[in-house]
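Peer 1: My questions will all concern the structure given below.
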Amino acid sequence: MRHLKFAPSWLRFLMIFLLVMGILFRFFNLDGKVFWHDETYTSLRISGYTINQAKQQLFNNRVLGEESFAQFQGVNPEKSLNDTIMTLAKEDSQHPPLYYVIARLWMQIFGNSVTAIRSLSACISLLVFPCVYWLCRELFNVPLSVPGVAMPAAGVAIALMAISPIHLVYAQEAQEYILWLVTILLSSASLLQAMRLESQDKDELLKKRQQPDLFAIWSIYAVTLAISLYTFLWSAFVAVAHGIYVIITAKCQLTETVRTYLLASLIAFLAFMPWLTIVSGEFFKFLISADKTTTQLSLMPIFPFLMMQLSRIFFDIDLRSDNPLNYLITPIFLTLVGYSIYFLCRTTNYKVWFFLITLIVVPALPLILPSLIAGGVQASTEPYLIPSYLGIQVTVAYLLATQLYNRSMSRQSIWQIIMGLVIICGLISSKVSSQAETWWNKGMSYDNPQVAQIINQSTRPLLISDALGNNYGNVFSLSYLLEPKVRFLLVNSQKIPKIPDGFTDVFLFNPSETWHEKIEKKYKLKTDIVCSDNYYSVWKLATSPKLRQRHIPPNNK
């Protein structure tokens, strides 16, 4: 290949080292962080039970032990793979079934532990590295790009993604997001390769028998796009980004490439049509239903949210949004990313920079525009920016790779230092994250380890909760952290529970103001707040000698 550049030996050694470290971090301490609210819903879907079935059996005004939750947290003999798919279709159709099907098959082999289910995401994350290599080779081999930069850029991109704290978060999460990233990479790379082959001279293409067949490449694109849609619904906006790219690069003309692209995309959406029909039906059923529950979640201003997520691509030590250190960190990475985009647009063919810009901007717009009207964005929407994370990292990788070959030795040294600092930030972030018991992405379950520690200090504690709002998922999350001595009294309504005797400490999990006042009045006891954040509160009931008189074994039937 002409102008082919290979990375110097020291850089290749560094890339291999960072890749190995990234792999080790992905599999280290998989069960160390709290198994949070949304992950417990993943396990529930895998079990094949519906939320109502779980509530009926658990929230029944009886005292339970932690073993009572196991039936609804993984594979069990009572439910089949078909039950997993059907519960998603009935109750959670906004989550397509592909990841849950794979996860159920995985857990049938490796068990229902937290390590087992999270190891699936860790293994899937390894596919990111060959996929991003393919994407960079196709992207930066476009004519009129900087000659020979494809291989160094691919190597730097692999290294950055290996130690990227944002990718480490989703590589250890029992959810579909890391699988979605892989499907985005595959569909994007196959699209670029198909377009490259379409643009070649037909006679030249016939001479190059080693080139993959065009039909096969377009088929790969159709299949990977369909797989992406069956992984996460937001893939539709990635498909829109691809469509804008294809049409604009064809100068809005109905060329052969555009026609083939439209056909491949149509096939992918037709393949997704069965689930799309279910999603539409459930959506309209929700609109006409009188039974709607709304949960008030705090909104974060969109600009600070985006700046914080941008810095978390490269550096993340779990800083809260109000930490003053953010005002120092975010401008640094904003400058780096801004200059990377400027450099990309100035030095590459428009077919290169326009693809990355559309990948960064288009999937993010449906998240940003409504937030401008609402006055903020929910913090739980971070995974929707995964395409943007990818585009930004490839853009920065291109800048760093090209500057390593700068003819000016002084500029080359400066950029080597910058690259070294970015690498150090990633390694520090991964080290801190690997040893933490909670992290920002745990959302409404962030404080569960702290709550569990307080409850576990009691001799014979009882935790009382209902199933309203987020209580259901958080009680499941706490069941992974609480010791076997802890008992649960789960009630199915806001009625005042009958507290049995024999418990040294009684805790109320996220009671409504009216509910815990009624409990205080009935038992003539005061409650002291133990923990309170934006999502829930925990109160401790000052138990009387009568309640501590004797311990009644829980009824787990």
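Simple scheme: letters A, B, ... for chains in structure tokens order, numbers from 1 for residues in each chain, numbers from 1 for ligands in the order shown.
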Can you pull out every residue within 8 Å of region 214-220 of chain A, counting only C-alpha atoms, but drop anything in the same chain fewer than 3 positions away, and send it as number ranges by chain?
Peer 2: A: 187, 190-191, 193-194, 197-198, 223-224, 260-261, 264
Peer 1: Those same residues - N, CA and C atoms - I'd like them written as a PDB file, in the first residue's frame.
Peer 2:
```
ATOM      1  N   SER A 187     -21.991  -1.772  11.769  1.00  0.00           N
ATOM      2  CA  SER A 187     -22.813  -1.207  10.703  1.00  0.00           C
ATOM      3  C   SER A 187     -22.104  -0.023  10.040  1.00  0.00           C
ATOM      4  N   SER A 190     -19.101  -1.397   7.842  1.00  0.00           N
ATOM      5  CA  SER A 190     -19.583  -2.090   6.636  1.00  0.00           C
ATOM      6  C   SER A 190     -20.183  -1.099   5.645  1.00  0.00           C
ATOM      7  N   LEU A 191     -20.854  -0.049   6.132  1.00  0.00           N
ATOM      8  CA  LEU A 191     -21.384   0.983   5.239  1.00  0.00           C
ATOM      9  C   LEU A 191     -20.255   1.692   4.496  1.00  0.00           C
ATOM     10  N   GLN A 193     -17.228   0.602   3.890  1.00  0.00           N
ATOM     11  CA  GLN A 193     -16.579  -0.303   2.940  1.00  0.00           C
ATOM     12  C   GLN A 193     -17.440  -0.501   1.697  1.00  0.00           C
ATOM     13  N   ALA A 194     -18.730  -0.647   1.874  1.00  0.00           N
ATOM     14  CA  ALA A 194     -19.616  -0.816   0.721  1.00  0.00           C
ATOM     15  C   ALA A 194     -19.583   0.421  -0.168  1.00  0.00           C
ATOM     16  N   LEU A 197     -16.274   0.520  -2.142  1.00  0.00           N
ATOM     17  CA  LEU A 197     -16.251  -0.412  -3.270  1.00  0.00           C
ATOM     18  C   LEU A 197     -17.166   0.050  -4.392  1.00  0.00           C
ATOM     19  N   GLU A 198     -18.290   0.660  -4.033  1.00  0.00           N
ATOM     20  CA  GLU A 198     -19.202   1.182  -5.045  1.00  0.00           C
ATOM     21  C   GLU A 198     -18.548   2.297  -5.864  1.00  0.00           C
ATOM     22  N   VAL A 223     -27.758  -6.599   7.826  1.00  0.00           N
ATOM     23  CA  VAL A 223     -27.876  -7.494   8.978  1.00  0.00           C
ATOM     24  C   VAL A 223     -27.442  -6.784  10.261  1.00  0.00           C
ATOM     25  N   THR A 224     -26.308  -6.086  10.219  1.00  0.00           N
ATOM     26  CA  THR A 224     -25.814  -5.419  11.431  1.00  0.00           C
ATOM     27  C   THR A 224     -26.728  -4.264  11.847  1.00  0.00           C
ATOM     28  N   THR A 260     -28.793   1.382  -3.541  1.00  0.00           N
ATOM     29  CA  THR A 260     -28.426   0.162  -2.813  1.00  0.00           C
ATOM     30  C   THR A 260     -28.529   0.367  -1.308  1.00  0.00           C
ATOM     31  N   TYR A 261     -28.118   1.549  -0.867  1.00  0.00           N
ATOM     32  CA  TYR A 261     -28.217   1.857   0.563  1.00  0.00           C
ATOM     33  C   TYR A 261     -29.676   1.838   1.023  1.00  0.00           C
ATOM     34  N   ALA A 264     -30.860  -1.737   1.315  1.00  0.00           N
ATOM     35  CA  ALA A 264     -30.307  -2.421   2.492  1.00  0.00           C
ATOM     36  C   ALA A 264     -30.975  -1.933   3.772  1.00  0.00           C
TER      37      ALA A 264
END
```
Peer 1: Write out as a list in words all residues of region 362-551 of chain A that DSSP puts in strand (DSSP E) for this structure's backbone.
Peer 2: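 Of region 362-551 of chain A, only Val377, Gln378, Pro461, Leu462, Leu463, Ile464, Ser465, Arg487, Phe488, Leu489, Leu490, Asp505, Val506, Phe507, Leu508, Phe509, Thr527, Asp528, Ile529, Val530, Cys531, Ser532, Ser537, Val538, Trp539, Lys540 and Leu541 of chain A fall in strand (DSSP E).
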Peer 1: Go ahead and save the picked residues with N, CA and C atoms, as a CSV table (one decimal), in the first residue's frame.
Peer 2:
```csv
chain,number,residue,atom,x,y,z
A,377,VAL,N,-32.0,17.8,31.4
A,377,VAL,CA,-32.0,16.5,30.9
A,377,VAL,C,-31.9,15.5,32.1
A,378,GLN,N,-32.5,14.3,32.0
A,378,GLN,CA,-32.3,13.3,33.0
A,378,GLN,C,-31.0,12.7,33.0
A,461,PRO,N,-32.2,-6.5,62.1
A,461,PRO,CA,-32.9,-5.4,61.5
A,461,PRO,C,-34.1,-5.9,60.6
A,462,LEU,N,-35.0,-5.0,60.4
A,462,LEU,CA,-36.2,-5.2,59.5
A,462,LEU,C,-36.3,-4.0,58.6
A,463,LEU,N,-36.4,-4.3,57.3
A,463,LEU,CA,-36.6,-3.2,56.4
A,463,LEU,C,-38.0,-3.3,55.8
A,464,ILE,N,-38.7,-2.2,55.9
A,464,ILE,CA,-40.1,-2.1,55.5
A,464,ILE,C,-40.2,-1.2,54.2
A,465,SER,N,-40.9,-1.7,53.2
A,465,SER,CA,-41.1,-0.9,52.0
A,465,SER,C,-42.3,-1.3,51.2
A,487,ARG,N,-34.2,-8.8,57.5
A,487,ARG,CA,-35.5,-9.3,57.0
A,487,ARG,C,-36.2,-8.1,56.3
A,488,PHE,N,-37.1,-8.5,55.4
A,488,PHE,CA,-37.9,-7.5,54.6
A,488,PHE,C,-39.4,-7.7,54.9
A,489,LEU,N,-40.0,-6.6,55.2
A,489,LEU,CA,-41.5,-6.6,55.3
A,489,LEU,C,-42.0,-5.7,54.1
A,490,LEU,N,-42.4,-6.4,53.1
A,490,LEU,CA,-42.8,-5.7,51.8
A,490,LEU,C,-44.3,-5.7,51.7
A,505,ASP,N,-34.0,-3.2,65.3
A,505,ASP,CA,-34.1,-1.9,64.5
A,505,ASP,C,-35.1,-2.1,63.3
A,506,VAL,N,-35.9,-1.1,63.1
A,506,VAL,CA,-36.8,-1.1,62.0
A,506,VAL,C,-36.6,0.1,61.1
A,507,PHE,N,-36.4,-0.2,59.8
A,507,PHE,CA,-36.1,0.9,58.8
A,507,PHE,C,-37.2,1.0,57.8
A,508,LEU,N,-37.6,2.2,57.5
A,508,LEU,CA,-38.6,2.5,56.5
A,508,LEU,C,-37.9,2.9,55.2
A,509,PHE,N,-38.1,2.2,54.2
A,509,PHE,CA,-37.5,2.6,52.9
A,509,PHE,C,-38.4,3.5,52.1
A,527,THR,N,-39.4,8.7,64.1
A,527,THR,CA,-38.5,8.2,63.0
A,527,THR,C,-37.4,9.2,62.8
A,528,ASP,N,-36.2,8.7,62.6
A,528,ASP,CA,-35.0,9.5,62.3
A,528,ASP,C,-34.5,9.2,60.9
A,529,ILE,N,-34.2,10.2,60.2
A,529,ILE,CA,-33.7,10.0,58.8
A,529,ILE,C,-32.3,9.4,58.8
A,530,VAL,N,-32.1,8.4,58.0
A,530,VAL,CA,-30.8,7.7,57.9
A,530,VAL,C,-30.1,8.2,56.7
A,531,CYS,N,-30.8,8.3,55.6
A,531,CYS,CA,-30.2,8.7,54.3
A,531,CYS,C,-31.2,9.4,53.4
A,532,SER,N,-30.8,10.4,52.7
A,532,SER,CA,-31.7,11.1,51.8
A,532,SER,C,-31.0,11.7,50.6
A,537,SER,N,-35.4,8.2,50.4
A,537,SER,CA,-35.0,8.5,51.8
A,537,SER,C,-35.2,7.2,52.6
A,538,VAL,N,-34.4,7.1,53.6
A,538,VAL,CA,-34.5,5.9,54.5
A,538,VAL,C,-34.6,6.5,55.9
A,539,TRP,N,-35.6,5.9,56.7
A,539,TRP,CA,-35.9,6.4,58.0
A,539,TRP,C,-35.7,5.2,59.0
A,540,LYS,N,-35.3,5.5,60.2
A,540,LYS,CA,-35.2,4.5,61.2
A,540,LYS,C,-36.2,4.7,62.3
A,541,LEU,N,-36.9,3.7,62.6
A,541,LEU,CA,-38.0,3.8,63.6
A,541,LEU,C,-37.4,3.5,65.0
```
Peer 1: Excluding Pro331 (chain A) and its own-chain neighbours fewer than 4 positions away, which residues fall within 10 Å of it when counting only C-alpha atoms? Please give them as number ranges by chain.
Peer 2: A: 307-308, 310-311, 326-327, 335-337
Peer 1: Name the residues in contact with Met444 (chain A) at a cut-off of 8 Å, using only C-alpha atoms, excluding same-chain residues fewer than 6 positions from it; report them as a PDB file with N, CA and C atoms, in the first residue's frame.
Peer 2:
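As written to disk, selection_0.pdb reads:
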```pdb
ATOM      1  N   TRP A  36     -27.344  -2.362  40.586  1.00  0.00           N
ATOM      2  CA  TRP A  36     -28.298  -1.283  40.822  1.00  0.00           C
ATOM      3  C   TRP A  36     -29.671  -1.532  40.212  1.00  0.00           C
ATOM      4  N   HIS A  37     -30.550  -0.562  40.439  1.00  0.00           N
ATOM      5  CA  HIS A  37     -31.966  -0.625  40.062  1.00  0.00           C
ATOM      6  C   HIS A  37     -32.192  -1.194  38.664  1.00  0.00           C
ATOM      7  N   ASN A 474     -35.039  -0.741  43.827  1.00  0.00           N
ATOM      8  CA  ASN A 474     -34.021  -0.457  44.833  1.00  0.00           C
ATOM      9  C   ASN A 474     -34.024  -1.473  45.964  1.00  0.00           C
ATOM     10  N   ASN A 534     -31.711  12.604  46.001  1.00  0.00           N
ATOM     11  CA  ASN A 534     -32.719  13.050  45.041  1.00  0.00           C
ATOM     12  C   ASN A 534     -33.734  11.966  44.706  1.00  0.00           C
ATOM     13  N   TYR A 535     -33.432  10.715  45.067  1.00  0.00           N
ATOM     14  CA  TYR A 535     -34.262   9.601  44.617  1.00  0.00           C
ATOM     15  C   TYR A 535     -35.064   8.949  45.737  1.00  0.00           C
ATOM     16  N   TYR A 536     -34.484   8.852  46.926  1.00  0.00           N
ATOM     17  CA  TYR A 536     -35.221   8.190  47.999  1.00  0.00           C
ATOM     18  C   TYR A 536     -34.677   8.617  49.356  1.00  0.00           C
TER      19      TYR A 536
END
```
Peer 1: So how far away is CA of Val75 (chain A) from CA of Leu276 (chain A), in Å?
Peer 2: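 CA of Leu276 (chain A) sits 26.4 Å away from CA of Val75 (chain A).
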Peer 1: Excluding Pro301 (chain A) and its own-chain neighbours fewer than 3 positions away, which residues fall within 8 Å of it when counting only C-alpha atoms? Please give them as an MDAnalysis selection string.
Peer 2: chainID A and resid 304:305 375:377
Peer 1: I need the chosen residues saved as a JSON list (two decimals), in the first residue's frame, with N, CA and C atoms.
Peer 2:
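Output file out_32.json is given in full below:
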```json
[["chain", "number", "residue", "atom", "x", "y", "z"],
["A", 304, "PRO", "N", -24.03, 21.83, 31.24],
["A", 304, "PRO", "CA", -23.14, 21.15, 32.19],
["A", 304, "PRO", "C", -23.16, 19.63, 32.05],
["A", 305, "PHE", "N", -24.34, 19.08, 31.71],
["A", 305, "PHE", "CA", -24.45, 17.64, 31.51],
["A", 305, "PHE", "C", -23.56, 17.17, 30.36],
["A", 375, "GLY", "N", -35.95, 22.36, 30.03],
["A", 375, "GLY", "CA", -35.11, 23.04, 31.00],
["A", 375, "GLY", "C", -34.03, 22.19, 31.60],
["A", 376, "GLY", "N", -33.89, 20.96, 31.12],
["A", 376, "GLY", "CA", -32.85, 20.09, 31.65],
["A", 376, "GLY", "C", -32.98, 18.70, 31.06],
["A", 377, "VAL", "N", -32.04, 17.83, 31.44],
["A", 377, "VAL", "CA", -32.01, 16.47, 30.92],
["A", 377, "VAL", "C", -31.86, 15.51, 32.10]]
```
Peer 1: In terms of the shortest atom-to-atom distance over only C-alpha atoms, which of A:Gln71, A:Ser47, A:Asn29, A:Gln393 is closest to Phe333 (chain A)?
Peer 2: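 Among the listed residues, the smallest separation from Phe333 (chain A) belongs to A:Gln393.
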Peer 1: Give me, as a ChimeraX atom specification, all polymer residues having an atom no more than 12 Å from Tyr446 (chain A), counting only C-alpha atoms and skipping those fewer than 4 positions away in the same chain.
Peer 2: /A:33-38,318,320,436-442,450-452,474,477-478,531-536
Peer 1: CA of Ser429 (chain A) and CA of Met21 (chain A), how far apart in Å?
Peer 2: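 For CA of Met21 (chain A) relative to CA of Ser429 (chain A), the distance reads 12.3 Å.
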Peer 1: For Val246 (chain A), find every residue with an atom within 9 Å (counting only C-alpha atoms), except residues of its own chain fewer than 2 positions away, and show them as a ChimeraX atom specification.
Peer 2: /A:195,241-244,248-252,257-258,261,355
Peer 1: Given the choices A:Ser430, A:Asn456, A:Thr277, A:Ser9, which gets closest to Ile166 (chain A) if the distance is worked out from only C-alpha atoms?
Peer 2: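 Once distances to Ile166 (chain A) are computed over only C-alpha atoms, the minimum belongs to A:Ser430.
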Peer 1: Pick the closest to Thr330 (chain A) from A:Arg62, A:His95, A:Arg26, A:Arg312: which is it, counting only C-alpha atoms?
Peer 2: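 Of A:Arg62, A:His95, A:Arg26, A:Arg312, the one nearest Thr330 (chain A), counting only C-alpha atoms, is A:Arg312.
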Peer 1: Quick one: pull the distance between CA of Phe25 (chain A) and CA of Leu334 (chain A), Å, one decimal.
Peer 2: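 Distance between the two atoms: 26.0 Å.
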Peer 1: Measuring atom to atom with only C-alpha atoms, identify which of A:Ile46, A:Leu385, A:Leu344, A:Ile414 is nearest to Asn112 (chain A).
Peer 2: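 Answer, going by the shortest atom-to-atom distance: A:Ile46.
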Peer 1: Which parts of region 322-523 of chain A does DSSP call helix (DSSP H, G or I) when run on the backbone here, written out as an NGL selection string?
Peer 2: :A and (326-347 or 350-361 or 365-374 or 379-403 or 409-435 or 440-445 or 448-456 or 471-479 or 513-523)
Peer 1: Give me a file of those residues, with C-alpha atoms, as a short mmCIF file (atom, residue, chain, number, x, y, z; two decimals), in the first residue's frame.
Peer 2:
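Resulting contents of selection-v3.cif:
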```cif
data_model
loop_
_atom_site.label_atom_id
_atom_site.label_comp_id
_atom_site.auth_asym_id
_atom_site.auth_seq_id
_atom_site.Cartn_x
_atom_site.Cartn_y
_atom_site.Cartn_z
CA ASN A 326 -15.13 20.08 37.05
CA TYR A 327 -14.59 23.74 36.15
CA LEU A 328 -10.89 22.94 35.65
CA ILE A 329 -11.23 19.57 33.93
CA THR A 330 -14.05 20.15 31.43
CA PRO A 331 -12.48 23.16 29.64
CA ILE A 332 -9.29 21.16 29.06
CA PHE A 333 -11.06 18.28 27.34
CA LEU A 334 -13.46 20.62 25.57
CA THR A 335 -10.44 22.36 24.04
CA LEU A 336 -8.90 19.04 23.04
CA VAL A 337 -12.10 17.79 21.40
CA GLY A 338 -12.82 21.15 19.75
CA TYR A 339 -9.35 21.33 18.23
CA SER A 340 -9.58 17.68 17.14
CA ILE A 341 -12.77 18.41 15.21
CA TYR A 342 -11.24 21.54 13.67
CA PHE A 343 -8.09 19.63 12.66
CA LEU A 344 -10.15 16.78 11.22
CA CYS A 345 -12.24 19.14 9.07
CA ARG A 346 -9.16 21.04 7.90
CA THR A 347 -6.97 18.08 6.92
CA TYR A 350 -15.25 15.82 3.55
CA LYS A 351 -16.24 12.15 3.32
CA VAL A 352 -14.18 11.55 6.44
CA TRP A 353 -15.09 14.49 8.64
CA PHE A 354 -18.74 14.60 7.59
CA PHE A 355 -19.22 10.97 8.65
CA LEU A 356 -17.81 11.59 12.13
CA ILE A 357 -19.71 14.86 12.56
CA THR A 358 -23.03 13.24 11.69
CA LEU A 359 -22.25 10.34 14.05
CA ILE A 360 -21.54 12.79 16.87
CA VAL A 361 -24.41 15.21 16.29
CA LEU A 365 -30.01 15.94 18.82
CA PRO A 366 -33.19 14.05 19.87
CA LEU A 367 -31.81 14.15 23.40
CA ILE A 368 -30.61 17.76 23.37
CA LEU A 369 -33.53 19.54 21.69
CA PRO A 370 -36.29 18.35 24.08
CA SER A 371 -34.06 19.17 27.04
CA LEU A 372 -33.81 22.77 25.88
CA ILE A 373 -37.60 23.00 26.11
CA ALA A 374 -37.88 21.05 29.38
CA ALA A 379 -29.00 11.96 34.17
CA SER A 380 -30.12 8.43 33.23
CA THR A 381 -29.88 9.29 29.52
CA GLU A 382 -26.05 9.11 29.38
CA PRO A 383 -26.00 5.84 27.35
CA TYR A 384 -27.92 7.52 24.52
CA LEU A 385 -24.74 9.47 23.74
CA ILE A 386 -22.66 6.35 22.98
CA PRO A 387 -22.51 7.16 19.21
CA SER A 388 -21.24 10.64 20.12
CA TYR A 389 -18.62 9.17 22.45
CA LEU A 390 -17.43 6.96 19.62
CA GLY A 391 -17.19 9.78 17.08
CA ILE A 392 -15.30 12.00 19.52
CA GLN A 393 -12.77 9.30 20.41
CA VAL A 394 -12.03 8.47 16.78
CA THR A 395 -11.61 12.19 16.05
CA VAL A 396 -9.14 12.64 18.93
CA ALA A 397 -7.32 9.45 17.91
CA TYR A 398 -6.86 10.85 14.39
CA LEU A 399 -5.40 14.09 15.77
CA LEU A 400 -2.95 12.32 18.08
CA ALA A 401 -1.91 9.80 15.42
CA THR A 402 -1.15 12.46 12.81
CA GLN A 403 0.74 14.68 15.25
CA MET A 409 10.14 17.82 16.37
CA SER A 410 9.00 20.39 18.93
CA ARG A 411 5.33 19.96 17.96
CA GLN A 412 5.80 16.22 17.90
CA SER A 413 7.16 16.33 21.46
CA ILE A 414 4.30 18.53 22.65
CA TRP A 415 1.71 16.15 21.25
CA GLN A 416 3.51 13.15 22.71
CA ILE A 417 3.19 14.83 26.12
CA ILE A 418 -0.51 15.54 25.49
CA MET A 419 -1.09 11.94 24.46
CA GLY A 420 0.78 10.78 27.57
CA LEU A 421 -1.46 12.92 29.79
CA VAL A 422 -4.60 11.56 28.13
CA ILE A 423 -3.32 8.02 28.72
CA ILE A 424 -2.48 8.77 32.36
CA CYS A 425 -5.98 10.20 32.87
CA GLY A 426 -7.51 7.03 31.47
CA LEU A 427 -5.36 4.72 33.59
CA ILE A 428 -6.05 6.70 36.79
CA SER A 429 -9.78 6.67 36.04
CA SER A 430 -9.81 2.94 35.41
CA LYS A 431 -7.83 2.28 38.60
CA VAL A 432 -10.20 4.36 40.74
CA SER A 433 -13.30 2.89 39.10
CA SER A 434 -12.13 -0.70 39.51
CA GLN A 435 -11.91 -0.31 43.30
CA TRP A 440 -22.23 7.88 38.92
CA ASN A 441 -24.02 5.57 36.47
CA LYS A 442 -25.72 3.75 39.37
CA GLY A 443 -28.20 6.64 39.49
CA MET A 444 -30.99 6.08 41.98
CA SER A 445 -29.02 3.25 43.66
CA ASN A 448 -27.34 1.82 48.42
CA PRO A 449 -23.94 0.65 49.75
CA GLN A 450 -24.06 3.35 52.42
CA VAL A 451 -27.62 2.41 53.38
CA ALA A 452 -26.74 -1.30 53.46
CA GLN A 453 -23.77 -0.64 55.72
CA ILE A 454 -26.00 1.18 58.23
CA ILE A 455 -28.65 -1.55 58.21
CA ASN A 456 -26.09 -4.35 58.49
CA ASN A 471 -38.82 1.30 45.55
CA TYR A 472 -39.28 -2.05 43.85
CA GLY A 473 -35.96 -2.00 41.96
CA ASN A 474 -34.02 -0.46 44.83
CA VAL A 475 -35.23 -3.07 47.31
CA PHE A 476 -33.98 -5.74 44.91
CA SER A 477 -30.68 -3.88 44.65
CA LEU A 478 -30.35 -3.74 48.45
CA SER A 479 -31.02 -7.47 48.70
CA GLU A 513 -44.68 11.66 54.14
CA THR A 514 -48.21 10.59 54.97
CA TRP A 515 -47.27 6.93 55.31
CA HIS A 516 -44.43 7.34 57.77
CA GLU A 517 -46.44 9.85 59.82
CA LYS A 518 -49.23 7.27 60.15
CA ILE A 519 -46.68 4.67 61.26
CA GLU A 520 -45.29 7.05 63.87
CA LYS A 521 -48.80 7.78 65.12
CA LYS A 522 -49.88 4.14 65.31
CA TYR A 523 -46.78 2.88 67.12
#
```
